[in-house]
Amino acid sequence: NVFWPGCEDFSLKYFDFYDLLGTGDYYNVVVARDDSDPTDRCNYDISCLAYRLDGIEKTAQSYLNARLRLDPCIAYWAGSDTSVSSRITVNGDVYCSGSLTNNGTINGDVFTSALTGIAEGSRYDIDQANVTWPGLGVDDFTPQYYIDSVAYTPQIVDANSALSGNHTGVIFCNGNLTLAGVLIEEGTLIVNGDLTVQGANNSISPVKNFPALVVNGQLNMANGQLSVTGLAQTNTMFVSDAAANVTISGALFVRDGGI
């Protein structure tokens, strides 16, 4: 939900390290998300006033208004034939490298070779969306990871254990792991195995430019609740009938199978 809101009295001269530009040209920029539909985070309205300053007087003013749509805005990415169950609502576009069967709700466009079911948007061939598998792995975060060129060591948790409580930073498990009521703020969970979600109030929100969740096995929604803000990547995903709410505000990438 974070985006650049704009600025006032901005000049490209601030970045003219070689003194190539003249002085006096300024910009007032306002960026606002269209919140008429709270679930749609793809549309942004941009307004800009460009002007030249002569002393304190604005001269040679020019206005620009535009609407930016992030398209495609992939909310669910599937690397093979996949299906969306009747319990799933996708607020965004869907990419499927094979055939897609939709029994749920897709509030967006669909990029797939074949679609069974309907979507609110249009169907396009997969070559219309150049969105590939992120390919995030253990080596990207261990033995160290970097934020603003500063090295950090991830927190290591035991395999075949249950993680609960409050945590920050990158958390790594080399094996299977169970979530049993965990709050990860400004952090990332990396599981080199299967991840089982049980209990309520499991929440993950990363720092800027980091994924929220990477699972190198199966993400198993057993009888729990999970809220993820950001990117979630998993090889496979299973949502049982006993699972509570699964909310991903960002993008879900599943290499194989449906949701």
# chains A, B, ... in the order shown; residues from 1 in each chain; ligands from 1
$ residues_around --residues "Ser62 of chain A" --least-positions-apart "5" --cutoff "9 Å" --atoms "only C-alpha atoms" --output "number ranges by chain"
A: 48-51
$ write_last_selection --atoms "C-alpha atoms" --output "mmCIF file, in the first residue's frame"
data_model
loop_
_atom_site.group_PDB
_atom_site.id
_atom_site.type_symbol
_atom_site.label_atom_id
_atom_site.label_comp_id
_atom_site.auth_asym_id
_atom_site.auth_seq_id
_atom_site.Cartn_x
_atom_site.Cartn_y
_atom_site.Cartn_z
ATOM 1 C CA CYS A 48 1.560 17.963 -12.202
ATOM 2 C CA LEU A 49 2.085 21.710 -12.294
ATOM 3 C CA ALA A 50 5.287 22.761 -14.058
ATOM 4 C CA TYR A 51 6.385 26.364 -13.732
#
$ closest_residue --among "A:Arg87, A:Cys73, A:Gly24, A:Asp127" --to "Ala60 of chain A" --atoms "only C-alpha atoms"
A:Gly24
$ select_by_dssp --residues "segment 104-182 of chain A" --states "strand (DSSP E)" --output "PyMOL selection string"
chain A and resi 105-106+110-111+114-116+123-124+145-147+150-152+155-157+161-173+177-182
$ write_last_selection --atoms "N, CA and C atoms" --output "short mmCIF file (atom, residue, chain, number, x, y, z; two decimals), in the first residue's frame"
data_model
loop_
_atom_site.label_atom_id
_atom_site.label_comp_id
_atom_site.auth_asym_id
_atom_site.auth_seq_id
_atom_site.Cartn_x
_atom_site.Cartn_y
_atom_site.Cartn_z
N THR A 105 -13.50 -16.34 -7.57
CA THR A 105 -13.72 -14.98 -8.07
C THR A 105 -12.39 -14.36 -8.44
N ILE A 106 -12.27 -13.88 -9.66
CA ILE A 106 -11.07 -13.19 -10.12
C ILE A 106 -11.48 -11.79 -10.55
N VAL A 110 -6.97 -12.15 -16.93
CA VAL A 110 -6.38 -13.48 -16.85
C VAL A 110 -5.46 -13.68 -18.05
N PHE A 111 -4.23 -14.09 -17.76
CA PHE A 111 -3.25 -14.39 -18.81
C PHE A 111 -3.01 -15.90 -18.78
N ALA A 114 -5.70 -21.19 -21.75
CA ALA A 114 -7.10 -21.62 -21.82
C ALA A 114 -7.76 -21.34 -20.48
N LEU A 115 -8.99 -20.83 -20.52
CA LEU A 115 -9.72 -20.49 -19.30
C LEU A 115 -11.05 -21.22 -19.27
N THR A 116 -11.28 -21.94 -18.17
CA THR A 116 -12.59 -22.52 -17.88
C THR A 116 -13.18 -21.77 -16.71
N ARG A 123 -9.48 -12.17 -21.00
CA ARG A 123 -8.45 -13.20 -21.12
C ARG A 123 -7.47 -12.82 -22.20
N TYR A 124 -6.18 -12.97 -21.89
CA TYR A 124 -5.12 -12.69 -22.84
C TYR A 124 -4.18 -13.89 -22.91
N TYR A 145 22.26 -11.30 4.73
CA TYR A 145 21.46 -10.50 3.80
C TYR A 145 21.79 -9.04 4.05
N TYR A 146 21.43 -8.19 3.09
CA TYR A 146 21.86 -6.79 3.14
C TYR A 146 20.67 -5.85 3.04
N ILE A 147 20.72 -4.80 3.84
CA ILE A 147 19.78 -3.68 3.77
C ILE A 147 20.60 -2.41 3.76
N VAL A 150 24.30 -2.73 4.43
CA VAL A 150 24.68 -3.21 5.76
C VAL A 150 24.32 -4.69 5.86
N ALA A 151 25.29 -5.52 6.29
CA ALA A 151 25.10 -6.96 6.37
C ALA A 151 24.41 -7.34 7.68
N TYR A 152 23.47 -8.27 7.57
CA TYR A 152 22.76 -8.80 8.74
C TYR A 152 22.77 -10.32 8.67
N GLN A 155 17.90 -14.85 11.61
CA GLN A 155 17.57 -15.63 12.79
C GLN A 155 17.28 -17.06 12.36
N ILE A 156 17.93 -18.03 12.99
CA ILE A 156 17.76 -19.43 12.65
C ILE A 156 16.79 -20.08 13.63
N VAL A 157 15.78 -20.75 13.09
CA VAL A 157 14.84 -21.49 13.94
C VAL A 157 14.96 -22.97 13.62
N SER A 161 9.71 -27.61 14.25
CA SER A 161 9.29 -26.94 15.48
C SER A 161 8.12 -26.02 15.16
N ALA A 162 7.58 -25.37 16.21
CA ALA A 162 6.49 -24.42 16.05
C ALA A 162 7.00 -23.02 16.37
N LEU A 163 6.74 -22.09 15.48
CA LEU A 163 7.19 -20.71 15.66
C LEU A 163 6.02 -19.86 16.10
N SER A 164 6.22 -19.10 17.18
CA SER A 164 5.17 -18.21 17.69
C SER A 164 5.83 -16.96 18.24
N GLY A 165 5.02 -16.00 18.68
CA GLY A 165 5.55 -14.77 19.25
C GLY A 165 5.85 -13.73 18.19
N ASN A 166 6.54 -12.66 18.61
CA ASN A 166 6.86 -11.53 17.74
C ASN A 166 8.30 -11.61 17.27
N HIS A 167 8.51 -11.31 15.98
CA HIS A 167 9.85 -11.39 15.40
C HIS A 167 10.04 -10.27 14.38
N THR A 168 11.31 -9.93 14.12
CA THR A 168 11.67 -8.98 13.07
C THR A 168 12.86 -9.54 12.31
N GLY A 169 13.14 -8.94 11.14
CA GLY A 169 14.28 -9.37 10.34
C GLY A 169 13.98 -10.65 9.57
N VAL A 170 15.01 -11.20 8.95
CA VAL A 170 14.88 -12.44 8.18
C VAL A 170 14.96 -13.63 9.13
N ILE A 171 13.99 -14.53 9.01
CA ILE A 171 13.94 -15.74 9.82
C ILE A 171 14.07 -16.92 8.88
N PHE A 172 15.00 -17.84 9.19
CA PHE A 172 15.29 -18.95 8.29
C PHE A 172 15.15 -20.27 9.02
N CYS A 173 14.48 -21.22 8.35
CA CYS A 173 14.36 -22.58 8.86
C CYS A 173 14.81 -23.55 7.78
N LEU A 177 8.47 -26.45 9.06
CA LEU A 177 8.17 -25.51 10.14
C LEU A 177 6.66 -25.36 10.26
N THR A 178 6.21 -25.09 11.49
CA THR A 178 4.80 -24.82 11.76
C THR A 178 4.66 -23.44 12.36
N LEU A 179 3.70 -22.67 11.84
CA LEU A 179 3.37 -21.37 12.43
C LEU A 179 2.20 -21.56 13.38
N ALA A 180 2.36 -21.07 14.61
CA ALA A 180 1.34 -21.25 15.63
C ALA A 180 1.08 -19.93 16.34
N GLY A 181 0.68 -18.92 15.58
CA GLY A 181 0.43 -17.61 16.16
C GLY A 181 1.68 -16.77 16.19
N VAL A 182 2.13 -16.29 15.03
CA VAL A 182 3.38 -15.54 14.94
C VAL A 182 3.12 -14.20 14.27
#
$ closest_residue --among "A:Ala159, A:Ala78, A:Ala244, A:Leu68" --to "Trp133 of chain A" --atoms "only C-alpha atoms"
A:Ala78
$ closest_residue --among "A:Val207, A:Ala242, A:Val94, A:Leu226" --to "Val254 of chain A" --atoms "only C-alpha atoms"
A:Val94
$ closest_residue --among "A:Leu231, A:Leu136, A:Ile126, A:Leu252" --to "Gly187 of chain A" --atoms "only C-alpha atoms"
A:Leu231
$ atom_distance --atom1 "atom CA of Gln198 of chain A" --atom2 "atom CA of Ala222 of chain A"
5.9 Å
$ residues_around --residues "Asp93 of chain A" --least-positions-apart "6" --cutoff "7 Å" --atoms "only C-alpha atoms" --output "PDB file with C-alpha atoms, in the first residue's frame"
ATOM      1  CA  PRO A  72      -0.594  -6.361 -15.631  1.00  0.00           C
ATOM      2  CA  CYS A  73      -0.871  -6.227 -11.851  1.00  0.00           C
ATOM      3  CA  ILE A  74      -0.313  -9.900 -11.072  1.00  0.00           C
ATOM      4  CA  ALA A  75      -1.873 -11.000  -7.792  1.00  0.00           C
ATOM      5  CA  TYR A  76      -1.659 -14.757  -8.467  1.00  0.00           C
ATOM      6  CA  GLY A 108      -8.936  -8.749 -12.867  1.00  0.00           C
ATOM      7  CA  ASP A 109      -7.565  -9.939 -16.180  1.00  0.00           C
ATOM      8  CA  VAL A 110      -6.377 -13.481 -16.849  1.00  0.00           C
TER       9      VAL A 110
END
